[in-house]
Every structure is written in C-alpha cells, then in structure tokens.
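Participant: Enclosed is the structure file target_26.cif (mmCIF, C-alpha atoms and all ligand atoms).
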```
data_query
#
loop_
_atom_site.label_atom_id
_atom_site.label_comp_id
_atom_site.auth_asym_id
_atom_site.auth_seq_id
_atom_site.Cartn_x
_atom_site.Cartn_y
_atom_site.Cartn_z
CA MET A 1 263.56 -14.00 -32.88
CA ALA A 2 263.54 -15.12 -36.50
CA PHE A 3 267.25 -15.61 -36.87
CA TRP A 4 266.85 -19.34 -37.54
CA ASN A 5 263.77 -19.14 -39.67
CA ARG A 6 261.36 -20.34 -37.05
CA LYS A 7 258.06 -21.94 -37.92
CA LYS A 8 255.78 -18.94 -37.69
CA THR A 9 252.55 -20.81 -36.97
CA ASP A 10 253.84 -22.07 -33.64
CA SER A 11 255.58 -18.96 -32.45
CA GLN A 12 252.70 -16.55 -33.01
CA PRO A 13 251.63 -14.64 -29.94
CA GLY A 14 248.91 -16.31 -27.93
CA THR A 15 245.65 -14.49 -27.57
CA GLY A 16 244.32 -16.22 -24.51
CA GLU A 17 241.18 -16.65 -26.63
CA GLY A 18 238.95 -19.49 -25.49
CA LEU A 19 240.62 -19.55 -22.08
CA ASP A 20 238.77 -19.14 -18.81
CA LEU A 21 241.17 -16.86 -16.97
CA SER A 22 239.49 -17.66 -13.65
CA ARG A 23 240.37 -21.37 -13.97
CA LEU A 24 244.01 -21.28 -14.94
CA PRO A 25 246.40 -23.82 -13.42
CA ARG A 26 248.33 -22.43 -10.48
CA HIS A 27 251.45 -24.29 -11.50
CA VAL A 28 252.58 -25.47 -14.95
CA GLY A 29 255.59 -27.76 -15.43
CA ILE A 30 257.34 -28.08 -18.80
CA ILE A 31 259.86 -30.65 -20.01
CA MET A 32 261.65 -28.55 -22.63
CA ASP A 33 262.36 -31.31 -25.14
CA GLY A 34 263.25 -31.45 -28.83
CA ASN A 35 266.01 -28.84 -29.09
CA GLY A 36 268.46 -31.30 -30.68
CA ARG A 37 265.96 -32.54 -33.29
CA TRP A 38 264.93 -28.98 -34.12
CA ALA A 39 268.59 -28.11 -34.83
CA LYS A 40 269.23 -31.31 -36.81
CA LYS A 41 266.25 -30.61 -39.08
CA ARG A 42 267.91 -27.32 -39.99
CA GLY A 43 271.43 -28.71 -40.37
CA LEU A 44 272.55 -26.75 -37.30
CA PRO A 45 274.61 -27.87 -34.30
CA ARG A 46 272.61 -29.10 -31.28
CA THR A 47 273.80 -26.06 -29.34
CA ALA A 48 271.82 -23.86 -31.75
CA GLY A 49 268.72 -25.83 -30.73
CA HIS A 50 269.39 -25.07 -27.08
CA ALA A 51 269.86 -21.36 -27.84
CA ALA A 52 266.50 -21.35 -29.65
CA GLY A 53 265.02 -23.32 -26.73
CA ALA A 54 266.22 -20.68 -24.29
CA GLU A 55 264.32 -18.09 -26.37
CA SER A 56 261.14 -20.18 -26.18
CA PHE A 57 261.59 -20.38 -22.44
CA ARG A 58 261.79 -16.58 -22.13
CA THR A 59 258.69 -16.10 -24.27
CA ILE A 60 256.68 -18.72 -22.40
CA ALA A 61 257.75 -17.48 -18.96
CA TYR A 62 256.58 -13.94 -19.73
CA TYR A 63 253.39 -15.27 -21.28
CA CYS A 64 252.57 -17.34 -18.15
CA LYS A 65 253.24 -14.30 -16.01
CA ASP A 66 251.02 -12.09 -18.17
CA LEU A 67 248.19 -14.63 -18.11
CA GLY A 68 248.38 -14.77 -14.32
CA ILE A 69 249.78 -18.29 -13.78
CA PRO A 70 251.75 -17.94 -10.52
CA TYR A 71 254.29 -20.80 -10.91
CA LEU A 72 256.18 -22.21 -13.89
CA THR A 73 258.72 -25.03 -13.51
CA VAL A 74 261.03 -25.96 -16.39
CA TYR A 75 263.33 -28.94 -16.77
CA ALA A 76 266.57 -27.31 -17.93
CA PHE A 77 269.28 -29.82 -16.98
CA SER A 78 268.88 -33.27 -15.46
CA THR A 79 271.24 -35.30 -13.28
CA GLU A 80 271.62 -37.53 -16.38
CA ASN A 81 272.45 -34.71 -18.81
CA TRP A 82 276.12 -34.67 -17.67
CA LYS A 83 276.57 -37.68 -20.00
CA ARG A 84 276.26 -35.36 -23.04
CA PRO A 85 279.36 -34.13 -24.89
CA MET A 86 281.28 -31.52 -22.91
CA GLU A 87 280.72 -28.89 -25.58
CA GLU A 88 276.94 -29.30 -25.33
CA VAL A 89 276.98 -29.24 -21.52
CA SER A 90 279.03 -26.01 -21.53
CA ALA A 91 276.70 -24.42 -24.07
CA ILE A 92 273.68 -25.15 -21.85
CA MET A 93 275.53 -23.85 -18.76
CA ASN A 94 276.36 -20.65 -20.67
CA LEU A 95 272.75 -20.16 -21.68
CA LEU A 96 271.69 -20.62 -18.08
CA GLN A 97 274.31 -18.18 -16.89
CA ASN A 98 273.17 -15.57 -19.40
CA TYR A 99 269.57 -16.08 -18.38
CA LEU A 100 270.38 -15.63 -14.68
CA LEU A 101 272.35 -12.45 -15.36
CA GLU A 102 269.37 -11.16 -17.30
CA ALA A 103 266.97 -12.23 -14.51
CA LEU A 104 269.05 -10.36 -11.93
CA GLU A 105 268.61 -7.23 -14.01
CA LYS A 106 264.89 -7.65 -14.75
CA MET A 107 263.33 -9.40 -11.73
CA GLU A 108 262.46 -6.25 -9.85
CA ARG A 109 261.23 -4.32 -12.89
CA ASP A 110 259.16 -7.22 -14.22
CA GLY A 111 257.97 -8.62 -10.88
CA PHE A 112 259.21 -12.21 -10.84
CA ARG A 113 261.57 -14.39 -8.85
CA VAL A 114 263.57 -17.49 -9.69
CA HIS A 115 263.93 -20.63 -7.60
CA PHE A 116 265.91 -23.78 -8.34
CA PHE A 117 265.07 -27.43 -7.96
CA GLY A 118 268.06 -29.76 -8.02
CA ASP A 119 271.40 -30.28 -6.37
CA LEU A 120 273.21 -26.97 -6.80
CA GLU A 121 276.30 -28.44 -5.10
CA GLY A 122 277.07 -30.35 -8.28
CA LEU A 123 277.21 -27.23 -10.49
CA PRO A 124 280.29 -25.29 -11.61
CA PRO A 125 281.02 -22.86 -8.71
CA LYS A 126 280.44 -19.71 -10.80
CA LEU A 127 276.99 -20.87 -11.89
CA ARG A 128 276.11 -22.06 -8.39
CA ASP A 129 277.02 -18.67 -6.91
CA LEU A 130 274.91 -16.95 -9.54
CA CYS A 131 271.96 -19.23 -8.67
CA LEU A 132 272.31 -18.38 -4.99
CA ARG A 133 272.50 -14.66 -5.73
CA THR A 134 269.44 -14.82 -7.98
CA LEU A 135 267.54 -16.74 -5.30
CA GLU A 136 268.48 -14.32 -2.56
CA GLU A 137 267.77 -11.13 -4.53
CA GLY A 138 264.47 -12.50 -5.87
CA ASP A 139 263.24 -13.57 -2.44
CA ALA A 140 264.01 -10.12 -1.07
CA LEU A 141 261.59 -8.51 -3.53
CA ASP A 142 258.14 -7.65 -2.25
CA GLY A 143 254.92 -8.50 -3.98
CA THR A 144 256.20 -10.68 -6.84
CA ARG A 145 253.34 -12.75 -8.18
CA PHE A 146 255.26 -14.99 -10.54
CA GLN A 147 257.90 -17.59 -9.73
CA VAL A 148 259.96 -19.58 -12.21
CA ASN A 149 261.52 -22.77 -10.89
CA VAL A 150 264.46 -23.88 -12.96
CA CYS A 151 265.32 -27.57 -12.56
CA LEU A 152 269.07 -27.67 -12.67
CA ASN A 153 271.15 -30.78 -11.98
CA TYR A 154 267.72 -32.15 -11.11
CA GLY A 155 266.40 -35.69 -10.93
CA GLY A 156 263.16 -36.56 -9.18
CA ARG A 157 264.57 -39.64 -7.47
CA ASP A 158 267.65 -37.71 -6.40
CA GLU A 159 265.38 -35.02 -4.93
CA ILE A 160 263.41 -37.65 -2.97
CA LEU A 161 266.62 -39.29 -1.73
CA ARG A 162 268.08 -35.97 -0.59
CA ALA A 163 264.80 -35.21 1.21
CA ALA A 164 264.77 -38.66 2.84
CA LYS A 165 268.35 -38.18 4.05
CA ALA A 166 267.57 -34.74 5.50
CA TRP A 167 264.48 -36.13 7.26
CA ALA A 168 266.45 -39.12 8.61
CA ALA A 169 269.11 -36.73 9.94
CA ASP A 170 266.34 -34.82 11.75
CA VAL A 171 265.06 -38.08 13.24
CA GLN A 172 268.58 -38.98 14.38
CA ALA A 173 268.96 -35.56 15.96
CA GLY A 174 265.62 -35.96 17.77
CA ARG A 175 263.88 -33.16 15.82
CA GLN A 176 261.44 -35.54 14.08
CA THR A 177 259.82 -38.89 14.77
CA PRO A 178 258.78 -41.58 12.26
CA GLU A 179 255.22 -41.44 13.67
CA ALA A 180 254.88 -37.75 12.80
CA LEU A 181 255.74 -38.25 9.11
CA THR A 182 252.95 -37.30 6.69
CA ASP A 183 253.13 -36.51 2.99
CA GLU A 184 252.66 -32.84 3.82
CA LEU A 185 255.62 -32.93 6.22
CA PHE A 186 257.80 -34.87 3.77
CA SER A 187 257.00 -32.30 1.05
CA ARG A 188 258.73 -29.70 3.20
CA TYR A 189 262.02 -31.55 2.71
CA LEU A 190 261.75 -31.44 -1.09
CA ASP A 191 263.30 -28.77 -3.31
CA SER A 192 259.75 -27.70 -4.15
CA ARG A 193 258.87 -26.80 -0.56
CA GLY A 194 256.31 -24.01 -0.44
CA VAL A 195 255.31 -24.45 -4.09
CA PRO A 196 251.90 -26.00 -4.88
CA ASP A 197 252.02 -29.26 -6.85
CA PRO A 198 251.89 -28.81 -10.64
CA ASP A 199 248.36 -28.91 -12.06
CA LEU A 200 249.55 -29.35 -15.62
CA ILE A 201 252.70 -30.92 -17.04
CA ILE A 202 253.54 -30.33 -20.68
CA ARG A 203 255.98 -32.33 -22.76
CA PRO A 204 256.63 -31.22 -26.33
CA SER A 205 258.47 -33.16 -29.05
CA GLY A 206 256.28 -36.26 -29.15
CA GLU A 207 257.88 -38.17 -26.26
CA LEU A 208 255.39 -39.69 -23.81
CA ARG A 209 257.54 -39.98 -20.69
CA LEU A 210 258.07 -38.15 -17.41
CA SER A 211 261.87 -38.72 -17.42
CA ASN A 212 262.35 -38.22 -13.67
CA PHE A 213 260.62 -34.80 -13.71
CA LEU A 214 258.74 -34.04 -10.47
CA PRO A 215 257.63 -37.66 -9.79
CA TRP A 216 256.45 -36.87 -6.23
CA GLN A 217 254.75 -33.59 -7.11
CA SER A 218 253.00 -34.84 -10.26
CA ALA A 219 250.88 -37.49 -8.48
CA TYR A 220 247.64 -35.70 -9.48
CA ALA A 221 248.89 -33.59 -12.39
CA GLU A 222 247.20 -33.49 -15.78
CA PHE A 223 249.49 -34.19 -18.74
CA TYR A 224 249.61 -32.57 -22.16
CA PHE A 225 251.77 -33.97 -24.94
CA THR A 226 252.38 -32.35 -28.32
CA ASP A 227 254.61 -33.13 -31.30
CA VAL A 228 255.77 -29.49 -31.52
CA LEU A 229 259.50 -29.25 -30.75
CA TRP A 230 260.39 -26.96 -27.85
CA PRO A 231 262.07 -24.21 -29.95
CA ASP A 232 258.81 -23.97 -31.94
CA PHE A 233 256.66 -23.90 -28.81
CA GLY A 234 255.07 -20.48 -28.51
CA PRO A 235 252.13 -18.88 -26.68
CA ALA A 236 249.62 -20.24 -29.20
CA VAL A 237 250.65 -23.82 -28.30
CA LEU A 238 250.44 -23.01 -24.60
CA ASP A 239 246.90 -21.68 -25.18
CA GLN A 240 245.99 -25.06 -26.72
CA ALA A 241 247.41 -26.93 -23.71
CA LEU A 242 245.52 -24.69 -21.30
CA ILE A 243 242.25 -25.03 -23.22
CA ASP A 244 242.69 -28.82 -23.19
CA TYR A 245 243.41 -28.72 -19.45
CA GLN A 246 240.29 -26.67 -18.79
CA ARG A 247 238.13 -29.28 -20.55
CA ARG A 248 239.23 -31.99 -18.13
CA GLN A 249 237.51 -32.98 -14.91
CA ARG A 250 239.91 -33.37 -12.03
CA ARG A 251 238.65 -35.72 -9.35
CA PHE A 252 241.74 -36.29 -7.15
CA GLY A 253 240.56 -39.84 -6.41
CA GLY A 254 236.98 -38.75 -5.62
CA VAL A 255 233.89 -39.20 -7.81
C1 LIG B 301 266.15 -31.32 -24.14
O1 LIG B 301 266.22 -31.35 -25.55
C2 LIG B 301 266.70 -30.05 -23.67
C3 LIG B 301 267.71 -29.92 -22.76
C4 LIG B 301 268.37 -31.07 -22.13
C5 LIG B 301 268.25 -28.59 -22.38
C6 LIG B 301 267.23 -27.51 -22.13
C7 LIG B 301 267.95 -26.23 -22.02
C8 LIG B 301 267.53 -25.05 -22.54
C9 LIG B 301 266.23 -24.86 -23.21
C10 LIG B 301 268.41 -23.85 -22.48
C11 LIG B 301 268.64 -23.20 -21.19
C12 LIG B 301 267.48 -23.02 -20.28
C13 LIG B 301 267.07 -21.87 -19.69
C14 LIG B 301 266.05 -21.97 -18.58
C15 LIG B 301 267.56 -20.53 -20.07
P1 LIG B 301 267.18 -32.42 -26.27
O2 LIG B 301 268.51 -31.82 -26.43
O3 LIG B 301 267.15 -33.70 -25.48
O4 LIG B 301 266.46 -32.59 -27.64
P2 LIG B 301 266.42 -33.90 -28.54
O5 LIG B 301 265.61 -34.93 -27.76
O6 LIG B 301 265.70 -33.44 -29.76
O7 LIG B 301 267.82 -34.33 -28.80
#
```
What would the structure in this file look like if it were written as structure tokens?
Ligand code: FPP

Facilitator:
Amino acid sequence: MAFWNRKKTDSQPGTGEGLDLSRLPRHVGIIMDGNGRWAKKRGLPRTAGHAAGAESFRTIAYYCKDLGIPYLTVYAFSTENWKRPMEEVSAIMNLLQNYLLEALEKMERDGFRVHFFGDLEGLPPKLRDLCLRTLEEGDALDGTRFQVNVCLNYGGRDEILRAAKAWAADVQAGRQTPEALTDELFSRYLDSRGVPDPDLIIRPSGELRLSNFLPWQSAYAEFYFTDVLWPDFGPAVLDQALIDYQRRQRRFGGV
C-alpha cells in the first residue's frame, strides 16, 4: 500500500471504537474526490492519483463489509467525466476493469456482490460486458450480505430522465397510469431499484457539492464533508464520519 508514501495517519486501520454497531447506516454513499490533487501534491501524474484512489476504494469496501454496513455506493465515473483527457479516461476504465476482474474472482469467497448505477450502454463494449457478467454472477450467489454499487457513466439527472422515459413508455403501452404514480413506484424505475436510500453521503477533498450524485435518493441523507483527499481516506476517517452520523438526530420532516 505504501508505494506512494501515503499519509499514515489517515490510512491507519479503523478500530470501530466509539461506534454503536447497532445503529450503523444501512447505506453509505461516497463521492471519491481529490485523486488529481493528491497526485499533484506529490508531483505524480493524475492517473497515479486514480490508482491510489482505487486502493482506498478496496480498503473502504472491505471495511464497510466487515463493520456490517449492507450497501456502499461509490461515484467512480460521471456522465461529465468523458470531458477529461483520453489518457485519464482510459486509465480510469482500466482500473475499473481490473477491479471487476478481481471482484469476479473474490465475490463468492468474500460474500459480496456488485451492482451498477448509470448508463452502461455508453461504456466501451468490453467493460460493459464485464459489468453485466459481474452483475449476473454476483446476483446468482446466495446469502451475500454486502452490495457495492459502482456509479459508472452515471449522472443523477440522467438516471431520473431514463426512469421517466421508461415509465412513460409503460404508460403508453397501457401498463401504468399517471394516477398510480407514487414516489415508491417511480423509485422502481431508477438504477437504484431495490436498494434503500443512502443514510449517509460522504465527500472528501473539501468540496461541498453533490455534483449530480444520487439527487433523488439523497432527499433525507445526512452529509459528511472532510478535507482529506480520497487516496488518503482510510478506515479511521470512515470511523469519524460514522461517529458524527450517529450523533445526529434524523427527523425525516417530523419533530
Ligand atoms: C475524482 O477525483 C475521481 C474520479 C473522477 C475517478 C474515481 C475513480 C477511481 C477512484 C478509480 C476506479 C474506481 C474503482 C471503483 C475501482 P478528481 O480526479 O476529480 O480529483 P481532483 O478534484 O483532485 O482533480
């Protein structure tokens, strides 16, 4: 892990100390931000930041699973990220591909499955096929208690538009009526169907924005912001976010 001289304080293993394990969020969302700045600070190419970010993702996913958080959603590649230089886009696609190959090998042994939020049609065919294979093989496993949702070619507005179009097509075909539409029914048209809304959304790197990440699903989410850059984000920082979350009172519009 230390091949780029990581900041040890932030990558230390979490202890879960101070956490009430009976009141963990069911679903945590993370905007993995700050890879580029992390690399720049070290005089490295941005792609090195993404490689280090992919390591943080692995560590945090296993840590969530070990704590007993059933769902983790990460923002890996947005519908806007195609504007980045081709070299950077390919590097991220390669990291994703490597991760999926690894997931295919380890899902059964380690008891997790991977889902995707986003428009997979827009991905390079090889990566899209790998996503579909990972999805299929993961869903066929029995008794997995941890699901990672990777947002890939994802934008929250795009997700809502695709859902609205699918619902409108069902209305046109006579399978739905406008009168029957509720937020629960509409949720079933979203990429996140079947997944509870996120309880906690974390954004590292000091930015205080949602950036089109789960706008529908985050209506009642709690937010945690930290200046730590994503490649430095380790279990100890997640512990802090969870402790902060557990101090809050969630009222969902009530008193
Ligand atoms: C944002 O940081 C990060 C991304 C757009 C890419 C995230 C991708 C990974 C962590 C690697 C692959 C993921 C998995 C799930 C294996 P930035 O580049 O915008 O950082 P900056 O704001 O400092 O420039």

Participant: Would you tabulate, counting all atoms listed in the file, all residues of stretch 56-140 of chain A that have an atom at most 10 Å from an atom of stretch 23-37 of chain A, showing the closest pair of atoms and their distance in Å to one decimal, sorted by chain then ascending number, as JSON lines?

Facilitator:
```
{"residue": "A:Ser56", "atom": "CA", "partner": "A:Met32", "partner_atom": "CA", "distance": 9.1}
{"residue": "A:Phe57", "atom": "CA", "partner": "A:Met32", "partner_atom": "CA", "distance": 8.2}
{"residue": "A:Cys64", "atom": "CA", "partner": "A:Val28", "partner_atom": "CA", "distance": 8.7}
{"residue": "A:Leu67", "atom": "CA", "partner": "A:Leu24", "partner_atom": "CA", "distance": 8.5}
{"residue": "A:Gly68", "atom": "CA", "partner": "A:Leu24", "partner_atom": "CA", "distance": 7.9}
{"residue": "A:Ile69", "atom": "CA", "partner": "A:Arg26", "partner_atom": "CA", "distance": 5.5}
{"residue": "A:Pro70", "atom": "CA", "partner": "A:Arg26", "partner_atom": "CA", "distance": 5.6}
{"residue": "A:Tyr71", "atom": "CA", "partner": "A:His27", "partner_atom": "CA", "distance": 4.5}
{"residue": "A:Leu72", "atom": "CA", "partner": "A:Val28", "partner_atom": "CA", "distance": 5.0}
{"residue": "A:Thr73", "atom": "CA", "partner": "A:Gly29", "partner_atom": "CA", "distance": 4.6}
{"residue": "A:Val74", "atom": "CA", "partner": "A:Ile30", "partner_atom": "CA", "distance": 4.9}
{"residue": "A:Tyr75", "atom": "CA", "partner": "A:Ile31", "partner_atom": "CA", "distance": 5.0}
{"residue": "A:Ala76", "atom": "CA", "partner": "A:Met32", "partner_atom": "CA", "distance": 6.9}
{"residue": "A:Phe77", "atom": "CA", "partner": "A:Met32", "partner_atom": "CA", "distance": 9.6}
```

Participant: Could you check the closest approach to A:Phe223 for each of A:Ala103, A:Val255, A:Ala168, A:Leu208 and tell me which residue wins, using all atoms listed in the file?

Facilitator: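 Comparing A:Ala103, A:Val255, A:Ala168, A:Leu208 against A:Phe223, the winner is A:Leu208.
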
Participant: Can you tell me which residues surround stretch 228-232 of chain A at a distance of at most 8 Å, considering all atoms listed in the file, apart from same-chain residues fewer than 4 positions away, and format the answer as a VMD selection string?

Facilitator: chain A and resid 6 to 7 10 to 11 32 to 35 37 to 38 49 to 50 52 to 56 204 to 206

Participant: Taking all atoms of ligand LIG 301 (chain B) that appear in the file, build a box with edges along x, y and z, extend it by 4 Å on every side, and state its centre and edge lengths in Å to one decimal, as AutoDock Vina command-line options.

Facilitator:
```
--center_x 267.1 --center_y -27.7 --center_z -24.2 --size_x 11.0 --size_y 22.4 --size_z 19.2
```

Participant: Sorted by chain and rising residue number, list the residues of stretch 53-142 of chain A at most 10 Å from stretch 149-156 of chain A (counting only C-alpha atoms), each with its closest atom pair and distance in Å to one decimal, as a tab-separated table.

Facilitator:
```
residue	atom	partner	partner_atom	distance
A:Tyr71	CA	A:Asn149	CA	7.5
A:Leu72	CA	A:Asn149	CA	6.2
A:Thr73	CA	A:Asn149	CA	4.5
A:Val74	CA	A:Val150	CA	5.3
A:Tyr75	CA	A:Cys151	CA	4.9
A:Ala76	CA	A:Cys151	CA	5.5
A:Phe77	CA	A:Leu152	CA	4.8
A:Ser78	CA	A:Tyr154	CA	4.6
A:Thr79	CA	A:Asn153	CA	4.7
A:Glu80	CA	A:Gly155	CA	7.8
A:Asn81	CA	A:Asn153	CA	8.0
A:Trp82	CA	A:Asn153	CA	8.5
A:Met93	CA	A:Leu152	CA	9.7
A:Leu96	CA	A:Leu152	CA	9.3
A:Arg113	CA	A:Asn149	CA	8.6
A:Val114	CA	A:Asn149	CA	5.8
A:His115	CA	A:Asn149	CA	4.6
A:Phe116	CA	A:Val150	CA	4.8
A:Phe117	CA	A:Cys151	CA	4.6
A:Gly118	CA	A:Tyr154	CA	3.9
A:Asp119	CA	A:Asn153	CA	5.6
A:Leu120	CA	A:Asn153	CA	6.8
A:Glu121	CA	A:Asn153	CA	8.9
A:Gly122	CA	A:Asn153	CA	7.0
A:Leu123	CA	A:Asn153	CA	7.2
A:Arg128	CA	A:Leu152	CA	10.0
A:Cys131	CA	A:Leu152	CA	9.8
```

Participant: Just give me the gap between atom CA of A:Ala236 and atom CA of A:Tyr220 in Å, one decimal is fine.

Facilitator: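 For atom CA of A:Ala236 relative to atom CA of A:Tyr220, the distance reads 25.1 Å.
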
Participant: Got a sec: who's within 8 Å of A:Gly14, counting all atoms listed in the file, leaving out chain neighbours fewer than 5 positions off, as an mmCIF file with C-alpha atoms, in the coordinates of the input?

Facilitator:
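The new file part_33.cif reads:
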```cif
data_model
loop_
_atom_site.group_PDB
_atom_site.id
_atom_site.type_symbol
_atom_site.label_atom_id
_atom_site.label_comp_id
_atom_site.auth_asym_id
_atom_site.auth_seq_id
_atom_site.Cartn_x
_atom_site.Cartn_y
_atom_site.Cartn_z
ATOM 1 C CA GLY A 234 255.070 -20.480 -28.510
ATOM 2 C CA PRO A 235 252.130 -18.880 -26.680
ATOM 3 C CA ALA A 236 249.620 -20.240 -29.200
ATOM 4 C CA VAL A 237 250.650 -23.820 -28.300
ATOM 5 C CA LEU A 238 250.440 -23.010 -24.600
ATOM 6 C CA ASP A 239 246.900 -21.680 -25.180
#
```

Participant: Which neighbours of A:Ala39 fall inside 8 Å, counting only C-alpha atoms, when residues of the same chain fewer than 5 positions from it are skipped, and could you give them as a list in words?

Facilitator: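 My list of contacting residues is Leu44, Pro45, Arg46, Thr47, Ala48 and Gly49 of chain A.
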
Participant: Would you mind reading off the distance between atom CA of A:Ile243 and atom CA of A:Asp20, one decimal, in Å?

Facilitator: 8.1 Å

Participant: Calculated over only C-alpha atoms and all ligand atoms, which of the candidates A:Glu88, A:Asp244, A:Glu17, A:Glu222 has the smallest distance to ligand LIG 301 (chain B)?

Facilitator: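 The answer is A:Glu88, which sits nearest to ligand LIG 301 (chain B).
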
Participant: How many Å separate atom CA of A:Ala51 from atom C1 of ligand LIG 301 (chain B)?

Facilitator: 11.3 Å

Participant: Restricting the calculation to all atoms listed in the file: of A:Trp167, A:Glu136, A:Thr144, A:Asp227, which residue gets closest to A:Ala180?

Facilitator: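 Counting all atoms listed in the file, the residue closest to A:Ala180 is A:Trp167.
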
Participant: Have a look at A:Tyr245, A:Trp216, A:Phe225, A:Phe233 and name the one nearest to ligand LIG 301 (chain B); count only C-alpha atoms and all ligand atoms.

Facilitator: A:Phe233

Participant: Calculated over only C-alpha atoms and all ligand atoms, which of the candidates A:Glu207, A:Asp139, A:Pro215, A:Asp199 has the smallest distance to ligand LIG 301 (chain B)?

Facilitator: A:Glu207

Participant: Name the residues within 10 Å of (271.3, -17.5, -14.1), counting only C-alpha atoms in the file's coordinates, and put them as a PyMOL selection string.

Facilitator: chain A and resi 93-104+114+126-135+150

Participant: Counting all atoms listed in the file, which of A:Ser211, A:Gln172, A:Ser22, A:Thr177 gets nearest to ligand LIG 301 (chain B)?

Facilitator: A:Ser211

Participant: Assuming the input is short of atoms at stretch 187-208 of chain A, produce N, CA and C atoms for that part as an mmCIF file, in the coordinates of the input.

Facilitator:
```cif
data_model
loop_
_atom_site.group_PDB
_atom_site.id
_atom_site.type_symbol
_atom_site.label_atom_id
_atom_site.label_comp_id
_atom_site.auth_asym_id
_atom_site.auth_seq_id
_atom_site.Cartn_x
_atom_site.Cartn_y
_atom_site.Cartn_z
ATOM 1 N N SER A 187 256.897 -33.294 2.140
ATOM 2 C CA SER A 187 257.000 -32.300 1.050
ATOM 3 C C SER A 187 257.885 -31.122 1.448
ATOM 4 N N ARG A 188 257.918 -30.843 2.753
ATOM 5 C CA ARG A 188 258.730 -29.700 3.200
ATOM 6 C C ARG A 188 260.229 -29.969 3.109
ATOM 7 N N TYR A 189 260.602 -31.215 2.880
ATOM 8 C CA TYR A 189 262.020 -31.550 2.710
ATOM 9 C C TYR A 189 262.430 -31.547 1.233
ATOM 10 N N LEU A 190 261.451 -31.406 0.351
ATOM 11 C CA LEU A 190 261.750 -31.440 -1.090
ATOM 12 C C LEU A 190 262.209 -30.064 -1.579
ATOM 13 N N ASP A 191 262.862 -30.057 -2.738
ATOM 14 C CA ASP A 191 263.300 -28.770 -3.310
ATOM 15 C C ASP A 191 262.107 -27.854 -3.568
ATOM 16 N N SER A 192 260.943 -28.466 -3.776
ATOM 17 C CA SER A 192 259.750 -27.700 -4.150
ATOM 18 C C SER A 192 258.981 -27.180 -2.939
ATOM 19 N N ARG A 193 259.601 -27.221 -1.760
ATOM 20 C CA ARG A 193 258.870 -26.800 -0.560
ATOM 21 C C ARG A 193 258.258 -25.412 -0.760
ATOM 22 N N GLY A 194 256.984 -25.306 -0.330
ATOM 23 C CA GLY A 194 256.310 -24.010 -0.440
ATOM 24 C C GLY A 194 255.633 -23.767 -1.788
ATOM 25 N N VAL A 195 255.888 -24.631 -2.753
ATOM 26 C CA VAL A 195 255.310 -24.450 -4.090
ATOM 27 C C VAL A 195 254.166 -25.461 -4.249
ATOM 28 N N PRO A 196 252.973 -25.023 -4.697
ATOM 29 C CA PRO A 196 251.900 -26.000 -4.880
ATOM 30 C C PRO A 196 252.278 -27.040 -5.937
ATOM 31 N N ASP A 197 251.722 -28.231 -5.842
ATOM 32 C CA ASP A 197 252.020 -29.260 -6.850
ATOM 33 C C ASP A 197 251.595 -28.776 -8.241
ATOM 34 N N PRO A 198 252.298 -29.237 -9.282
ATOM 35 C CA PRO A 198 251.890 -28.810 -10.640
ATOM 36 C C PRO A 198 250.502 -29.340 -10.985
ATOM 37 N N ASP A 199 249.685 -28.488 -11.594
ATOM 38 C CA ASP A 199 248.360 -28.910 -12.060
ATOM 39 C C ASP A 199 248.472 -29.497 -13.449
ATOM 40 N N LEU A 200 249.426 -28.956 -14.218
ATOM 41 C CA LEU A 200 249.550 -29.350 -15.620
ATOM 42 C C LEU A 200 251.017 -29.531 -15.968
ATOM 43 N N ILE A 201 251.331 -30.681 -16.569
ATOM 44 C CA ILE A 201 252.700 -30.920 -17.040
ATOM 45 C C ILE A 201 252.664 -31.087 -18.551
ATOM 46 N N ILE A 202 253.522 -30.328 -19.218
ATOM 47 C CA ILE A 202 253.540 -30.330 -20.680
ATOM 48 C C ILE A 202 254.845 -30.921 -21.170
ATOM 49 N N ARG A 203 254.759 -31.840 -22.134
ATOM 50 C CA ARG A 203 255.980 -32.330 -22.760
ATOM 51 C C ARG A 203 255.842 -32.201 -24.270
ATOM 52 N N PRO A 204 256.632 -31.322 -24.875
ATOM 53 C CA PRO A 204 256.630 -31.220 -26.330
ATOM 54 C C PRO A 204 257.500 -32.310 -26.947
ATOM 55 N N SER A 205 257.559 -32.347 -28.231
ATOM 56 C CA SER A 205 258.470 -33.160 -29.050
ATOM 57 C C SER A 205 258.038 -34.611 -29.221
ATOM 58 N N GLY A 206 256.824 -34.937 -28.838
ATOM 59 C CA GLY A 206 256.280 -36.260 -29.150
ATOM 60 C C GLY A 206 256.681 -37.385 -28.217
ATOM 61 N N GLU A 207 257.504 -37.106 -27.212
ATOM 62 C CA GLU A 207 257.880 -38.170 -26.260
ATOM 63 C C GLU A 207 256.802 -38.263 -25.178
ATOM 64 N N LEU A 208 256.473 -39.504 -24.788
ATOM 65 C CA LEU A 208 255.390 -39.690 -23.810
ATOM 66 C C LEU A 208 255.959 -40.248 -22.500
#
```
